[in-house]
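> Provided below: target14.txt, containing compact mmCIF, C-alpha atoms.
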# COMPACT_ATOMS: atom_id res chain seq x y z
CA ASP A 1 -36.10 -18.94 63.32
CA THR A 2 -36.78 -15.58 64.89
CA GLU A 3 -34.17 -12.83 64.62
CA VAL A 4 -35.07 -11.53 68.06
CA THR A 5 -33.79 -13.87 70.75
CA GLN A 6 -35.35 -13.98 74.19
CA THR A 7 -34.04 -15.83 77.22
CA PRO A 8 -35.10 -17.69 79.19
CA LYS A 9 -38.02 -19.33 77.36
CA HIS A 10 -39.67 -20.25 80.63
CA LEU A 11 -39.27 -18.80 84.12
CA VAL A 12 -40.91 -19.76 87.39
CA MET A 13 -40.26 -17.48 90.32
CA GLY A 14 -41.56 -16.71 93.77
CA MET A 15 -42.98 -13.35 94.73
CA THR A 16 -39.84 -12.37 96.62
CA ASN A 17 -37.35 -13.32 93.90
CA LYS A 18 -35.40 -11.02 91.62
CA LYS A 19 -34.89 -12.16 88.04
CA SER A 20 -34.22 -10.65 84.63
CA LEU A 21 -35.55 -11.30 81.15
CA LYS A 22 -33.17 -10.74 78.25
CA CYS A 23 -33.71 -9.81 74.63
CA GLU A 24 -31.16 -9.49 71.83
CA GLN A 25 -31.32 -8.44 68.20
CA HIS A 26 -28.58 -7.92 65.61
CA MET A 27 -30.60 -6.35 62.83
CA GLY A 28 -29.39 -2.83 63.59
CA HIS A 29 -32.84 -1.83 64.80
CA ARG A 30 -32.96 1.31 66.94
CA ALA A 31 -36.32 0.76 68.63
CA MET A 32 -37.02 -2.06 71.07
CA TYR A 33 -40.19 -2.95 72.94
CA TRP A 34 -41.54 -5.01 75.81
CA TYR A 35 -45.08 -6.38 75.62
CA LYS A 36 -47.09 -8.46 78.08
CA GLN A 37 -49.55 -11.03 76.73
CA LYS A 38 -52.09 -12.85 78.88
CA ALA A 39 -53.76 -16.03 77.66
CA LYS A 40 -56.25 -15.45 74.84
CA LYS A 41 -55.50 -11.71 74.79
CA PRO A 42 -53.50 -9.50 72.43
CA PRO A 43 -50.06 -8.18 73.41
CA GLU A 44 -50.15 -5.06 75.61
CA LEU A 45 -47.39 -2.50 75.23
CA MET A 46 -45.27 -1.95 78.35
CA PHE A 47 -42.13 -0.04 77.35
CA VAL A 48 -40.54 1.43 74.23
CA TYR A 49 -36.86 2.28 73.85
CA SER A 50 -35.73 4.46 70.98
CA TYR A 51 -32.01 4.96 70.38
CA GLU A 52 -31.36 3.36 73.79
CA LYS A 53 -33.54 5.87 75.63
CA LEU A 54 -36.84 5.04 77.29
CA SER A 55 -39.48 6.85 75.26
CA ILE A 56 -42.71 5.20 76.43
CA ASN A 57 -43.68 3.69 79.79
CA GLU A 58 -47.31 2.62 79.70
CA SER A 59 -47.82 3.21 83.44
CA VAL A 60 -46.18 -0.10 84.25
CA PRO A 61 -45.73 -0.87 87.98
CA SER A 62 -42.23 -0.21 89.31
CA ARG A 63 -41.72 -3.90 90.05
CA PHE A 64 -40.89 -4.08 86.32
CA SER A 65 -37.69 -2.21 85.49
CA PRO A 66 -36.45 -2.04 81.89
CA GLU A 67 -32.88 -1.47 80.86
CA CYS A 68 -31.24 -0.98 77.46
CA PRO A 69 -27.46 -1.46 77.90
CA ASN A 70 -26.78 -0.99 74.17
CA SER A 71 -28.58 -0.90 70.85
CA SER A 72 -28.73 -4.70 70.60
CA LEU A 73 -29.83 -5.62 74.10
CA LEU A 74 -32.94 -5.07 76.16
CA ASN A 75 -33.49 -6.36 79.67
CA LEU A 76 -36.52 -6.47 81.92
CA HIS A 77 -35.68 -6.69 85.61
CA LEU A 78 -38.34 -8.25 87.80
CA HIS A 79 -38.74 -7.86 91.56
CA ALA A 80 -41.54 -8.65 93.98
CA LEU A 81 -43.96 -9.72 91.26
CA GLN A 82 -47.55 -10.73 91.90
CA PRO A 83 -49.35 -13.87 90.67
CA GLU A 84 -51.32 -11.72 88.20
CA ASP A 85 -48.02 -10.87 86.50
CA SER A 86 -47.86 -14.42 85.16
CA ALA A 87 -47.94 -14.03 81.36
CA LEU A 88 -45.96 -14.31 78.15
CA TYR A 89 -43.49 -11.43 77.91
CA LEU A 90 -42.63 -10.52 74.34
CA CYS A 91 -39.73 -8.45 73.12
CA ALA A 92 -39.80 -6.79 69.70
CA SER A 93 -37.59 -4.53 67.64
CA SER A 94 -38.05 -2.28 64.63
CA GLN A 95 -35.85 -0.06 62.48
CA ASP A 96 -37.34 2.97 64.15
CA ARG A 97 -40.41 3.75 66.23
CA HIS A 98 -43.74 3.21 64.48
CA GLN A 99 -42.15 0.79 62.00
CA PRO A 100 -43.22 -2.86 61.61
CA GLN A 101 -41.89 -4.98 64.45
CA HIS A 102 -40.00 -8.25 64.65
CA PHE A 103 -41.00 -10.26 67.70
CA GLY A 104 -39.15 -12.84 69.74
CA ASP A 105 -40.94 -15.98 70.87
CA GLY A 106 -41.32 -14.66 74.39
CA THR A 107 -40.58 -15.71 77.95
CA ARG A 108 -43.40 -17.54 79.67
CA LEU A 109 -43.35 -16.30 83.25
CA SER A 110 -45.11 -17.98 86.14
CA ILE A 111 -45.26 -16.36 89.57
CA LEU A 112 -45.89 -18.72 92.47
CA THR B 1 -56.75 5.86 74.06
CA GLN B 2 -58.37 5.41 70.65
CA LEU B 3 -59.95 1.97 70.34
CA LEU B 4 -58.85 -0.48 67.67
CA GLU B 5 -61.71 -2.91 67.14
CA GLN B 6 -61.15 -6.25 65.48
CA SER B 7 -63.83 -8.71 64.39
CA PRO B 8 -64.78 -11.45 64.56
CA GLN B 9 -62.96 -12.60 67.69
CA PHE B 10 -63.39 -16.27 66.84
CA LEU B 11 -63.82 -18.00 63.50
CA SER B 12 -64.04 -21.73 62.84
CA ILE B 13 -64.38 -22.80 59.21
CA GLN B 14 -63.83 -25.78 56.94
CA GLU B 15 -60.85 -26.10 54.65
CA GLY B 16 -61.51 -24.41 51.33
CA GLU B 17 -63.81 -21.70 52.65
CA ASN B 18 -63.13 -17.98 52.37
CA LEU B 19 -63.10 -15.54 55.29
CA THR B 20 -62.61 -11.87 56.08
CA VAL B 21 -61.29 -10.27 59.27
CA TYR B 22 -61.90 -6.59 59.99
CA CYS B 23 -59.96 -3.97 61.94
CA ASN B 24 -61.56 -0.59 62.62
CA SER B 25 -60.54 2.59 64.41
CA SER B 26 -62.50 5.71 65.34
CA SER B 27 -59.60 7.86 64.18
CA VAL B 28 -57.31 8.06 61.17
CA PHE B 29 -54.04 6.25 61.51
CA SER B 30 -50.87 6.48 59.48
CA SER B 31 -50.15 2.77 59.11
CA LEU B 32 -51.42 -0.61 60.13
CA GLN B 33 -49.70 -3.95 60.49
CA TRP B 34 -51.22 -7.42 60.32
CA TYR B 35 -49.54 -10.24 62.24
CA ARG B 36 -50.18 -13.94 62.72
CA GLN B 37 -49.33 -15.66 65.98
CA GLU B 38 -49.16 -19.39 66.60
CA PRO B 39 -49.16 -21.01 70.06
CA GLY B 40 -45.81 -20.73 71.83
CA GLU B 41 -44.47 -18.18 69.37
CA GLY B 42 -44.32 -14.44 68.94
CA PRO B 43 -46.41 -12.61 66.34
CA VAL B 44 -45.01 -12.74 62.80
CA LEU B 45 -45.47 -9.74 60.51
CA LEU B 46 -47.63 -10.42 57.45
CA VAL B 47 -47.97 -6.97 55.90
CA THR B 48 -47.90 -3.22 56.50
CA VAL B 49 -50.41 -0.90 54.81
CA VAL B 50 -49.80 2.84 54.74
CA THR B 51 -51.74 4.37 51.82
CA GLY B 52 -55.51 4.87 51.84
CA GLY B 53 -57.14 2.45 49.39
CA GLU B 54 -54.06 0.27 49.24
CA VAL B 55 -54.45 -3.43 48.44
CA LYS B 56 -51.68 -5.92 49.07
CA LYS B 57 -51.63 -9.63 48.29
CA LEU B 58 -49.63 -12.36 49.96
CA LYS B 59 -50.44 -15.66 48.24
CA ARG B 60 -54.05 -16.41 49.31
CA LEU B 61 -54.19 -13.42 51.68
CA THR B 62 -55.48 -10.03 50.51
CA PHE B 63 -55.10 -6.96 52.71
CA GLN B 64 -56.97 -3.71 52.19
CA PHE B 65 -56.57 -0.30 53.81
CA GLY B 66 -59.69 1.83 53.75
CA ASP B 67 -59.76 5.03 51.71
CA ALA B 68 -60.20 7.08 54.89
CA ARG B 69 -57.40 5.17 56.67
CA LYS B 70 -59.66 4.23 59.56
CA ASP B 71 -60.15 0.58 58.72
CA SER B 72 -58.47 -2.45 57.22
CA SER B 73 -59.44 -5.97 56.25
CA LEU B 74 -57.74 -9.29 55.72
CA HIS B 75 -59.34 -11.74 53.31
CA ILE B 76 -58.20 -15.35 53.04
CA THR B 77 -59.20 -17.36 50.00
CA ALA B 78 -59.53 -21.15 50.17
CA ALA B 79 -58.37 -21.39 53.77
CA GLN B 80 -56.12 -24.28 54.74
CA PRO B 81 -55.44 -25.88 58.14
CA GLY B 82 -52.02 -24.20 58.09
CA ASP B 83 -53.78 -20.83 58.26
CA THR B 84 -54.95 -21.63 61.79
CA GLY B 85 -53.71 -19.06 64.28
CA LEU B 86 -54.34 -15.74 65.99
CA TYR B 87 -54.53 -12.84 63.54
CA LEU B 88 -53.71 -9.44 65.01
CA CYS B 89 -53.92 -5.93 63.61
CA GLU B 90 -51.68 -3.25 65.09
CA ARG B 91 -51.93 0.49 64.66
CA GLY B 92 -48.54 1.94 63.78
CA ASP B 93 -49.16 5.30 65.49
CA ASP B 94 -49.33 3.94 69.03
CA MET B 95 -48.31 0.28 68.57
CA ARG B 96 -51.58 -0.97 70.01
CA PHE B 97 -53.17 -4.22 68.94
CA GLY B 98 -56.74 -5.13 68.22
CA ALA B 99 -58.28 -7.92 70.30
CA GLY B 100 -57.29 -10.51 67.70
CA THR B 101 -59.17 -13.07 65.62
CA ARG B 102 -58.61 -16.69 66.56
CA LEU B 103 -59.01 -18.67 63.34
CA THR B 104 -59.41 -22.42 63.21
CA VAL B 105 -59.49 -24.14 59.82
CA LYS B 106 -60.71 -27.72 59.99
CA PRO B 107 -59.53 -30.29 57.44
Write out the structure in this file as structure tokens.

Amino acid sequence: DTEVTQTPKHLVMGMTNKKSLKCEQHMGHRAMYWYKQKAKKPPELMFVYSYEKLSINESVPSRFSPECPNSSLLNLHLHALQPEDSALYLCASSQDRHQPQHFGDGTRLSIL
Amino acid sequence: TQLLEQSPQFLSIQEGENLTVYCNSSSVFSSLQWYRQEPGEGPVLLVTVVTGGEVKKLKRLTFQFGDARKDSSLHITAAQPGDTGLYLCERGDDMRFGAGTRLTVKP
């Protein structure tokens, strides 16, 4: 069982919908991450939060909006996504930035 | 962005064979992680290497970090079907992954 919990596991949404992906960890980690993984590709870094502050945004389109309400939770708000945004979205956490990461099992997102 | 090259991208071998996966960078990095990912799951950390020349063993897996801290390798001895998966290296400095090695071990 993974110690990083992501919900939902699967999400199908239309291009005009608004939805949110959620991630939770209770390991006391102070860094949390969002990655996007397309089929047969490695994970690509999207956002990094360190001590609940956004520290890295890898030029991600504004239709993806991250939020870190507290040290245990990380959200990814989605709005007006495109079909090419269909992918596995992975959340990870680590004790601090640049430390080994613990990954959740991801949310598989399909945009119709 | 400094490239992190991983090879081979695909590897299909018979049970009992040995294999090596390589991860190379054009620049020095402070640490490197190796992960294994199975379908429908997130990557699972196998090991972190931080010291040049370091060798770490995890059962049949041996990880090396190059003396110059620009490269790393993962060697699997007597591969088993349970080793099948996507092996990923990740540079600790910028949290970027190599392209991955998709390993299939046939019984």
> Quick one: everything within 12 Å of Gly82 in chain B, counting all atoms listed in the file, minus sequence neighbours fewer than 6 positions away in the same chain. Send it as a ChimeraX atom specification.
/B:14-16,36-38,60,76,103-107
> Distance CA of Val48 in chain A-CA of Lys56 in chain B, one decimal place?
28.5 Å
> Find the residues in chain A near chain B: any atom within 6 Å counts, using all atoms listed in the file. Write them as a list in words.
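Close enough to count are Pro42, His98, Phe103, Gly104 and Asp105 of chain A.
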> Record the distance separating CA of Thr20 in chain B and CA of Asp71 in chain B, expressed in Å with one decimal.
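Between CA of Thr20 in chain B and CA of Asp71 in chain B the gap works out to 13.0 Å.
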> Tell me, as a PyMOL selection string, which residues lie within 9 Å of Met13 in chain A, counting all atoms listed in the file; anything in the same chain fewer than 6 positions away does not count.
chain A and resi 19+81+109-112
> How many Å separate CA of Thr16 in chain A from CA of Pro69 in chain A?
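Atom-to-atom, CA of Thr16 in chain A and CA of Pro69 in chain A are spaced 25.0 Å apart.
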> Give as a list in words each residue that has an atom at most 9 Å from (-60.5, 7.9, 65.6) in the file, counting all atoms listed in the file.
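The requested residues, written out, are Gln2, Leu3, Leu4, Ser25, Ser26, Ser27, Val28, Phe29 and Lys70 of chain B.
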> Restricting the calculation to all atoms listed in the file: of A:Leu74, A:Val4, A:Ala31, A:Ala80, which residue gets closest to Arg97 in chain A?
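Going through A:Leu74, A:Val4, A:Ala31, A:Ala80 one by one, the smallest distance to Arg97 in chain A is for A:Ala31.
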> Which residues are close to range 51-59 of chain A, i.e. within 9 Å by all atoms listed in the file, leaving aside same-chain residues fewer than 2 positions away? Reply as a PyMOL selection string.
chain A and resi 29-32+45-49+61-62+66-71+74+96
> Could you write out the selected residues, including C-alpha atoms, as a PDB file, in the frame of the given file?

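After the write, selection.pdb holds the following:
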ATOM      1  CA  HIS A  29     -32.840  -1.830  64.800  1.00  0.00           C
ATOM      2  CA  ARG A  30     -32.960   1.310  66.940  1.00  0.00           C
ATOM      3  CA  ALA A  31     -36.320   0.760  68.630  1.00  0.00           C
ATOM      4  CA  MET A  32     -37.020  -2.060  71.070  1.00  0.00           C
ATOM      5  CA  LEU A  45     -47.390  -2.500  75.230  1.00  0.00           C
ATOM      6  CA  MET A  46     -45.270  -1.950  78.350  1.00  0.00           C
ATOM      7  CA  PHE A  47     -42.130  -0.040  77.350  1.00  0.00           C
ATOM      8  CA  VAL A  48     -40.540   1.430  74.230  1.00  0.00           C
ATOM      9  CA  TYR A  49     -36.860   2.280  73.850  1.00  0.00           C
ATOM     10  CA  PRO A  61     -45.730  -0.870  87.980  1.00  0.00           C
ATOM     11  CA  SER A  62     -42.230  -0.210  89.310  1.00  0.00           C
ATOM     12  CA  PRO A  66     -36.450  -2.040  81.890  1.00  0.00           C
ATOM     13  CA  GLU A  67     -32.880  -1.470  80.860  1.00  0.00           C
ATOM     14  CA  CYS A  68     -31.240  -0.980  77.460  1.00  0.00           C
ATOM     15  CA  PRO A  69     -27.460  -1.460  77.900  1.00  0.00           C
ATOM     16  CA  ASN A  70     -26.780  -0.990  74.170  1.00  0.00           C
ATOM     17  CA  SER A  71     -28.580  -0.900  70.850  1.00  0.00           C
ATOM     18  CA  LEU A  74     -32.940  -5.070  76.160  1.00  0.00           C
ATOM     19  CA  ASP A  96     -37.340   2.970  64.150  1.00  0.00           C
TER      20      ASP A  96
END
